[in-house]
Amino acid sequence: MNRPKAKNAIGKNLLTIISEALDAVKVNNKVRTVIVCSLVPGVFCAGADLKERAKMDQSEVGPFVSKVRALTTELGNLPIPTIAAIDGAALGGGLEMALACDVRVAATSAKMGLVEAKLAIIPGSGGTQRLPRAIGVSMAKELIFAGRVVDGAQAKELGLVNHVVEQNNSGDAAYRRALDLAREFLPQGPIAIRMAKLAINQGIEVDLATGLAIEEACYAQVITTKDRIEGLTAFKEKRPPRYKGE
């Protein structure tokens, strides 16, 4: 994201740009991992573009928020791993975008919060659903009711982020850590990664027996792949596997 004057606030134009980027990723089989980050120093995403929102007619607000929610859902439904690199402020819809990612990395200097109640509204892009799933119901309620903003270290303690790193002079410490994580993901079988993500995402929403049936169905998808044979062959020949996503 690179909208410095508005601190990457989510307006109509940025919404369209992100949507087009996601569409491009979905049809590109060479993409193995997506990192969502910001090129604006000190900011991940400040949430809704309130200046633009103030100019909207009341009848426009609901449909626009629905579009933002749909975009966040689309990000969450990408079949490949997604990492949010939070090097600055991730507020409101910005944090909701990060919550839709599989993994979150934050710098110590980052600021995160669902602050909508301060504006007499509620999180509308999945925050009321994804935050409790990430940190537990009671703590999510506390943060949302208070509109509280936490830093990177506090977010790690809450389980809101996977990793916290000291910010560096160039202001991209979280992005660099996200790149390291992506490099850990890359050597693995790409179809296996997709199926593992699908099994986890779907299984976590159902009872254990149904979840195990989902896992079985996803496992069945990898049995017939060329990559599975390559993995066994590489192990036998004591060499790194060369997976092609086939």
# chains A, B, ... in the order shown; residues from 1 in each chain; ligands from 1

call {"tool": "select_by_dssp", "arguments": {"residues": "segment 68-144 of chain A", "states": "alpha helix (DSSP H)", "output": "PyMOL selection string"}}
result
chain A and resi 68-76+93-99+127-135+137-144

call {"tool": "closest_atom_pairs", "arguments": {"of": "segment 6-97 of chain A", "to": "segment 138-157 of chain A", "cutoff": "10 Å", "atoms": "only C-alpha atoms", "output": "Markdown table"}}
result
| residue | atom | partner | partner_atom | distance |
| --- | --- | --- | --- | --- |
| A:Ile86 | CA | A:Gly152 | CA | 8.7 |
| A:Asp87 | CA | A:Gly152 | CA | 9.1 |
| A:Gly88 | CA | A:Gly152 | CA | 9.3 |
| A:Ala89 | CA | A:Asp151 | CA | 9.0 |
| A:Ala90 | CA | A:Val149 | CA | 9.3 |
| A:Leu91 | CA | A:Val149 | CA | 8.0 |
| A:Gly92 | CA | A:Gly147 | CA | 9.4 |

call {"tool": "write_last_selection", "arguments": {"atoms": "C-alpha atoms", "output": "short mmCIF file (atom, residue, chain, number, x, y, z; two decimals), in the first residue's frame"}}
result
data_model
loop_
_atom_site.label_atom_id
_atom_site.label_comp_id
_atom_site.auth_asym_id
_atom_site.auth_seq_id
_atom_site.Cartn_x
_atom_site.Cartn_y
_atom_site.Cartn_z
CA ILE A 86 2.93 -4.27 10.25
CA ASP A 87 5.67 -1.65 10.47
CA GLY A 88 3.39 1.18 11.60
CA ALA A 89 -0.17 2.05 12.55
CA ALA A 90 -2.81 -0.58 11.70
CA LEU A 91 -6.10 0.87 12.86
CA GLY A 92 -9.71 -0.05 12.18
#

call {"tool": "atom_distance", "arguments": {"atom1": "atom CA of Leu186 of chain A", "atom2": "atom CA of Thr33 of chain A"}}
result
7.5 Å

call {"tool": "select_by_dssp", "arguments": {"residues": "segment 87-200 of chain A", "states": "strand (DSSP E)", "output": "PyMOL selection string"}}
result
chain A and resi 89-91+103-107+111-113+150-151+163-165

call {"tool": "residues_around", "arguments": {"residues": "Gly47 of chain A", "least_positions_apart": "4", "cutoff": "9 Å", "atoms": "only C-alpha atoms", "output": "CSV table (one decimal) with N, CA and C atoms, in the first residue's frame"}}
result
chain,number,residue,atom,x,y,z
A,7,LYS,N,-2.3,8.3,4.6
A,7,LYS,CA,-1.8,7.3,5.5
A,7,LYS,C,-2.4,5.9,5.2
A,8,ASN,N,-2.5,5.6,3.9
A,8,ASN,CA,-3.1,4.4,3.3
A,8,ASN,C,-4.5,4.2,3.8
A,9,ALA,N,-5.2,5.2,4.1
A,9,ALA,CA,-6.7,5.1,4.4
A,9,ALA,C,-7.4,4.4,3.3
A,10,ILE,N,-8.4,3.6,3.6
A,10,ILE,CA,-9.1,2.8,2.6
A,10,ILE,C,-10.3,3.7,2.0
A,90,ALA,N,-1.8,0.2,12.3
A,90,ALA,CA,-2.8,-0.6,11.7
A,90,ALA,C,-4.1,-0.4,12.5
A,91,LEU,N,-4.9,0.5,12.1
A,91,LEU,CA,-6.1,0.9,12.9
A,91,LEU,C,-7.4,0.6,12.1
A,92,GLY,N,-8.4,0.2,12.8
A,92,GLY,CA,-9.7,0.0,12.2
A,92,GLY,C,-9.6,-1.0,11.0
A,93,GLY,N,-10.0,-0.6,9.9
A,93,GLY,CA,-10.0,-1.5,8.7
A,93,GLY,C,-8.6,-2.0,8.3
A,94,GLY,N,-7.6,-1.2,8.8
A,94,GLY,CA,-6.2,-1.6,8.5
A,94,GLY,C,-5.8,-2.9,9.3
A,95,LEU,N,-6.3,-2.9,10.6
A,95,LEU,CA,-6.0,-4.1,11.4
A,95,LEU,C,-6.9,-5.2,10.9
A,96,GLU,N,-8.1,-4.9,10.5
A,96,GLU,CA,-9.0,-6.0,10.0
A,96,GLU,C,-8.4,-6.6,8.7

call {"tool": "closest_residue", "arguments": {"among": "A:Ala24, A:Leu119, A:Ala84, A:Ala106", "to": "Met1 of chain A", "atoms": "only C-alpha atoms"}}
result
A:Ala84

call {"tool": "closest_residue", "arguments": {"among": "A:Asn169, A:Thr72, A:Gln221, A:Gln129", "to": "Cys101 of chain A", "atoms": "only C-alpha atoms"}}
result
A:Thr72

call {"tool": "residues_around", "arguments": {"residues": "Leu14 of chain A", "least_positions_apart": "4", "cutoff": "12 Å", "atoms": "only C-alpha atoms", "output": "ChimeraX atom specification"}}
result
/A:1-4,6-10,18-21,45,47-49,52,67-68,71

call {"tool": "write_last_selection", "arguments": {"atoms": "N, CA and C atoms", "output": "compact mmCIF listing (two decimals), in the first residue's frame"}}
result
# COMPACT_ATOMS: atom_id res chain seq x y z
N MET A 1 0.84 -1.18 0.00
CA MET A 1 0.00 0.00 0.00
C MET A 1 0.89 1.24 0.00
N ASN A 2 0.50 2.21 -0.82
CA ASN A 2 1.35 3.39 -0.95
C ASN A 2 0.48 4.63 -1.22
N ARG A 3 -0.18 5.09 -0.20
CA ARG A 3 -1.01 6.30 -0.30
C ARG A 3 -0.60 7.23 0.84
N PRO A 4 0.59 7.83 0.73
CA PRO A 4 1.18 8.54 1.87
C PRO A 4 0.36 9.70 2.41
N ALA A 6 -2.76 10.13 2.65
CA ALA A 6 -3.92 9.69 3.43
C ALA A 6 -3.56 8.57 4.40
N LYS A 7 -2.26 8.32 4.60
CA LYS A 7 -1.80 7.26 5.52
C LYS A 7 -2.42 5.89 5.16
N ASN A 8 -2.51 5.64 3.87
CA ASN A 8 -3.07 4.38 3.35
C ASN A 8 -4.51 4.15 3.78
N ALA A 9 -5.24 5.23 4.06
CA ALA A 9 -6.66 5.09 4.42
C ALA A 9 -7.41 4.45 3.26
N ILE A 10 -8.38 3.61 3.60
CA ILE A 10 -9.10 2.84 2.59
C ILE A 10 -10.25 3.67 2.03
N ILE A 18 -6.36 -2.57 -4.56
CA ILE A 18 -6.10 -3.81 -3.81
C ILE A 18 -6.88 -4.97 -4.41
N SER A 19 -8.12 -4.71 -4.80
CA SER A 19 -8.96 -5.74 -5.41
C SER A 19 -8.33 -6.26 -6.70
N GLU A 20 -7.81 -5.35 -7.52
CA GLU A 20 -7.15 -5.75 -8.77
C GLU A 20 -5.88 -6.55 -8.50
N ALA A 21 -5.15 -6.17 -7.45
CA ALA A 21 -3.94 -6.90 -7.08
C ALA A 21 -4.27 -8.33 -6.65
N CYS A 45 -1.87 0.80 7.71
CA CYS A 45 -3.11 1.31 7.11
C CYS A 45 -3.93 1.95 8.22
N GLY A 47 -6.97 2.71 8.31
CA GLY A 47 -8.38 2.36 8.35
C GLY A 47 -9.17 3.10 7.30
N ALA A 48 -10.42 3.39 7.58
CA ALA A 48 -11.30 4.03 6.60
C ALA A 48 -10.84 5.45 6.30
N ASP A 49 -11.07 5.87 5.06
CA ASP A 49 -10.81 7.26 4.67
C ASP A 49 -11.97 8.10 5.18
N GLU A 52 -13.30 11.00 3.00
CA GLU A 52 -14.16 10.54 1.91
C GLU A 52 -15.51 10.06 2.46
N LYS A 67 -18.40 -3.60 0.49
CA LYS A 67 -17.32 -3.84 -0.48
C LYS A 67 -15.98 -4.05 0.22
N VAL A 68 -15.74 -3.25 1.26
CA VAL A 68 -14.49 -3.41 2.03
C VAL A 68 -14.49 -4.77 2.73
N LEU A 71 -13.74 -7.45 0.27
CA LEU A 71 -12.32 -7.45 -0.09
C LEU A 71 -11.49 -8.15 0.99
